[in-house]
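Peer 1: I am attaching a structure below and will ask some questions about it afterwards.
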Amino acid sequence: MVHVSQGRMMSICRRTGFHFLIIVSVVVHTVCMNCMAGDAEAMEHYKMISTVEYNGNGQFRNQTETGYSVTKEIFANDRVRYSFIMNDPNMVSGKKVSSDFSFVIDKSTGLMSAAGRDMAFWAKVHNETVKSLDKVTRDYIGKTWKQSVDLSSVDQSPFNEVSYTLTAIDVRTRAFGNMIAVRALSEPFFLTMDKGPLRCKINAVYLFDSAIDNVYLSISVFEATTDVRGTSEILRHEVATYQTDSAGRPFDLSDVGKDFEALVSRVGLRKDSLQITKETDLPAWASGKGISAAQVANICSGAVCEGALNPVGLITIPTARGLMAQGGGAAAGAPVLTKLFGWFGWNIPTYLVVGGATWAIVEAADDDDDDYP
């Protein structure tokens, strides 16, 4: 059989020459490569600090610090699969466990596909946010604009609509050159509870490279308040995620400048940790509708900041997954703001930091062409 094959090969060589065989070899190699799962790019590394607080009929505070790594597999049809390896915060520091957590982004449309009950739901939230967008972030650098997200078609979404005021600015750094920072401040949106409404709000800021291809830092603050049980109750979620090297060290973002620091100051990170005087578990409304609203609102705010050009899902989906487990027990930790100061050396004036239940609102005009002051 081998002899016959060699004879046929020599016959082809005599008729067509070796150039033909070289071309065939290249074509076959290309087809084989395209049939494989995809070409893996370099792994990216992130650290996420997530804090859940409740204050009302007692106090609750839980903080987790999770590292994770992401690999990219690029497909020929402009689709990219992102696969995650998560650090388990309950295991020995630095020990990693494999995860089947992954999703696919169609880079031509910005739409996400994912398997699993929760993943499919979050993918639909991301996709409906992308479909709602009528402005592209990189066309509005140095300006402030409005954006609304319609989730009325998403079954089991805790709310139907959320609207934002967005501001984008150029940021110059030594390490990464020109970057783009985008802040989203939501208008209040409401959830329906058995005994009355739940008032929610989310503020977020993202720091991208100049092409909006990579996310280097994300900070988000969600708050839900109600007094339907006769006492003022507040559920608060703060999360900061930043890109690191393979050893978990943050990249140098110490020179992001005053304008970026001003964006961060308006997001509303707490200056101090919640003081626990009467420890309690999260009430049912907070661990249910409250956490669900925080998950969905984080996905929406990430997508509107990005403008749906590339996947902020690298940040928002791990945030949503992490929140699933944060209502179970108390855990201490320094305020997110203090940690960011320590790592990046920022100098946000204390009087600009908005804490507790107070929210700073950008006084942006309705004209989309208003420049950022």
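Residue numbering restarts at 1 in every chain; chains get A, B, ... in the order shown in the structure tokens, and ligands count up from 1 in that same order.
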Out of segment 89-290 of chain A, which residues get helix (DSSP H, G or I) from DSSP, as a PyMOL selection string?
Peer 2: chain A and resi 117-132+137-139+258-265+284-290
Peer 1: For a quick check of understanding, using only C-alpha atoms, which of A:Asn310, A:Ser152, A:His237, A:Ile315 has the smallest distance to Ser108 of chain A?
Peer 2: A:Asn310
Peer 1: With only C-alpha atoms as the counted atoms, please give the residues lying no more than 6 Å from segment 278-290 of chain A, apart from itself and same-chain residues fewer than 5 positions off, as a VMD selection string.
Peer 2: chain A and resid 58 to 60
Peer 1: May I have the selected residues written with N, CA and C atoms, as a PDB file, in the first residue's frame?
Peer 2:
ATOM      1  N   GLY A  58     -29.433  45.467  61.651  1.00  0.00           N
ATOM      2  CA  GLY A  58     -28.150  44.828  61.852  1.00  0.00           C
ATOM      3  C   GLY A  58     -27.220  45.170  60.702  1.00  0.00           C
ATOM      4  N   GLN A  59     -26.026  44.607  60.721  1.00  0.00           N
ATOM      5  CA  GLN A  59     -25.036  44.898  59.674  1.00  0.00           C
ATOM      6  C   GLN A  59     -24.427  43.590  59.166  1.00  0.00           C
ATOM      7  N   PHE A  60     -24.017  43.630  57.893  1.00  0.00           N
ATOM      8  CA  PHE A  60     -23.375  42.488  57.247  1.00  0.00           C
ATOM      9  C   PHE A  60     -22.277  43.035  56.341  1.00  0.00           C
TER      10      PHE A  60
END
Peer 1: Quick check for you: according to DSSP on this backbone, which residues of segment 46-228 of chain A are classed as strand (DSSP E)? Reply as a ChimeraX atom specification.
Peer 2: /A:46-56,58-74,79-87,96-106,111-113,144-150,161-173,177-186,189-192,197-209,215-226
Peer 1: Let's have the selection written as a compact mmCIF listing (two decimals), in the first residue's frame, with C-alpha atoms.
Peer 2:
# COMPACT_ATOMS: atom_id res chain seq x y z
CA TYR A 46 -6.81 39.95 36.73
CA LYS A 47 -7.55 40.52 40.39
CA MET A 48 -11.05 41.28 41.66
CA ILE A 49 -11.92 42.78 45.06
CA SER A 50 -15.64 42.53 45.77
CA THR A 51 -17.37 43.86 48.91
CA VAL A 52 -21.01 43.35 49.86
CA GLU A 53 -22.41 45.39 52.77
CA TYR A 54 -25.84 45.62 54.36
CA ASN A 55 -26.96 48.11 56.99
CA GLY A 56 -30.44 48.17 58.48
CA GLY A 58 -28.15 44.83 61.85
CA GLN A 59 -25.04 44.90 59.67
CA PHE A 60 -23.37 42.49 57.25
CA ARG A 61 -20.05 42.74 55.42
CA ASN A 62 -18.34 40.23 53.14
CA GLN A 63 -15.24 40.86 51.06
CA THR A 64 -13.48 38.49 48.67
CA GLU A 65 -10.26 38.92 46.71
CA THR A 66 -10.09 36.63 43.70
CA GLY A 67 -7.43 36.28 41.04
CA TYR A 68 -8.25 34.84 37.66
CA SER A 69 -6.62 34.24 34.30
CA VAL A 70 -8.17 34.37 30.84
CA THR A 71 -7.08 32.69 27.62
CA LYS A 72 -8.38 33.66 24.18
CA GLU A 73 -9.00 31.31 21.27
CA ILE A 74 -9.51 33.12 17.98
CA ARG A 79 -15.44 34.85 17.01
CA VAL A 80 -13.32 34.58 20.14
CA ARG A 81 -13.71 32.15 23.02
CA TYR A 82 -12.64 33.38 26.46
CA SER A 83 -11.85 30.63 28.98
CA PHE A 84 -11.26 31.34 32.66
CA ILE A 85 -9.12 29.82 35.38
CA MET A 86 -10.23 31.13 38.77
CA ASN A 87 -8.42 31.30 42.10
CA LYS A 96 -5.64 27.55 41.24
CA VAL A 97 -8.49 25.34 40.15
CA SER A 98 -9.63 24.77 36.59
CA SER A 99 -12.99 26.15 35.60
CA ASP A 100 -15.38 25.32 32.78
CA PHE A 101 -16.40 28.97 32.79
CA SER A 102 -16.17 30.31 29.26
CA PHE A 103 -18.10 32.29 26.69
CA VAL A 104 -17.78 33.27 23.04
CA ILE A 105 -17.90 36.81 21.66
CA ASP A 106 -18.72 37.62 18.05
CA LEU A 111 -22.82 39.65 21.04
CA MET A 112 -22.05 36.90 23.55
CA SER A 113 -23.01 33.23 23.64
CA THR A 144 -20.72 63.64 28.06
CA TRP A 145 -23.72 61.79 26.65
CA LYS A 146 -26.83 59.81 27.60
CA GLN A 147 -27.57 56.13 27.07
CA SER A 148 -30.54 53.96 28.02
CA VAL A 149 -30.69 50.15 28.17
CA ASP A 150 -33.92 48.24 27.48
CA GLU A 161 -34.70 49.73 31.98
CA VAL A 162 -31.72 51.70 33.22
CA SER A 163 -30.39 55.03 31.95
CA TYR A 164 -26.89 56.47 32.27
CA THR A 165 -24.95 59.67 31.96
CA LEU A 166 -21.55 58.81 30.50
CA THR A 167 -18.32 60.79 30.34
CA ALA A 168 -15.17 59.74 28.44
CA ILE A 169 -11.72 61.33 28.68
CA ASP A 170 -8.20 60.78 27.38
CA VAL A 171 -5.70 59.56 29.96
CA ARG A 172 -1.93 59.79 29.38
CA THR A 173 0.41 57.37 31.15
CA GLY A 177 0.72 55.77 26.54
CA ASN A 178 -2.69 57.20 25.72
CA MET A 179 -5.65 55.48 27.37
CA ILE A 180 -9.41 56.08 27.53
CA ALA A 181 -11.41 56.33 30.74
CA VAL A 182 -15.21 56.11 30.72
CA ARG A 183 -17.57 56.72 33.63
CA ALA A 184 -21.25 55.76 33.78
CA LEU A 185 -23.59 57.21 36.42
CA SER A 186 -27.04 55.67 36.38
CA PHE A 189 -34.19 52.58 38.81
CA PHE A 190 -36.74 50.62 40.80
CA LEU A 191 -37.56 47.01 41.60
CA THR A 192 -40.97 45.85 42.79
CA PRO A 197 -40.35 49.62 45.82
CA LEU A 198 -36.60 49.02 46.01
CA ARG A 199 -34.59 52.01 44.78
CA CYS A 200 -31.33 51.15 43.00
CA LYS A 201 -28.42 52.97 41.43
CA ILE A 202 -25.05 52.02 39.94
CA ASN A 203 -21.93 54.06 39.14
CA ALA A 204 -18.94 52.65 37.26
CA VAL A 205 -15.65 53.71 35.67
CA TYR A 206 -13.52 51.74 33.20
CA LEU A 207 -9.96 52.36 32.02
CA PHE A 208 -9.20 51.04 28.52
CA ASP A 209 -6.26 51.20 26.15
CA VAL A 215 -9.56 46.67 30.12
CA TYR A 216 -6.93 47.64 32.67
CA LEU A 217 -9.14 48.76 35.54
CA SER A 218 -12.82 48.74 36.46
CA ILE A 219 -14.53 50.18 39.54
CA SER A 220 -18.24 49.85 40.24
CA VAL A 221 -20.55 50.82 43.11
CA PHE A 222 -24.13 49.53 43.32
CA GLU A 223 -26.61 50.54 46.00
CA ALA A 224 -30.18 49.48 46.76
CA THR A 225 -32.29 51.16 49.46
CA THR A 226 -35.71 50.51 50.95
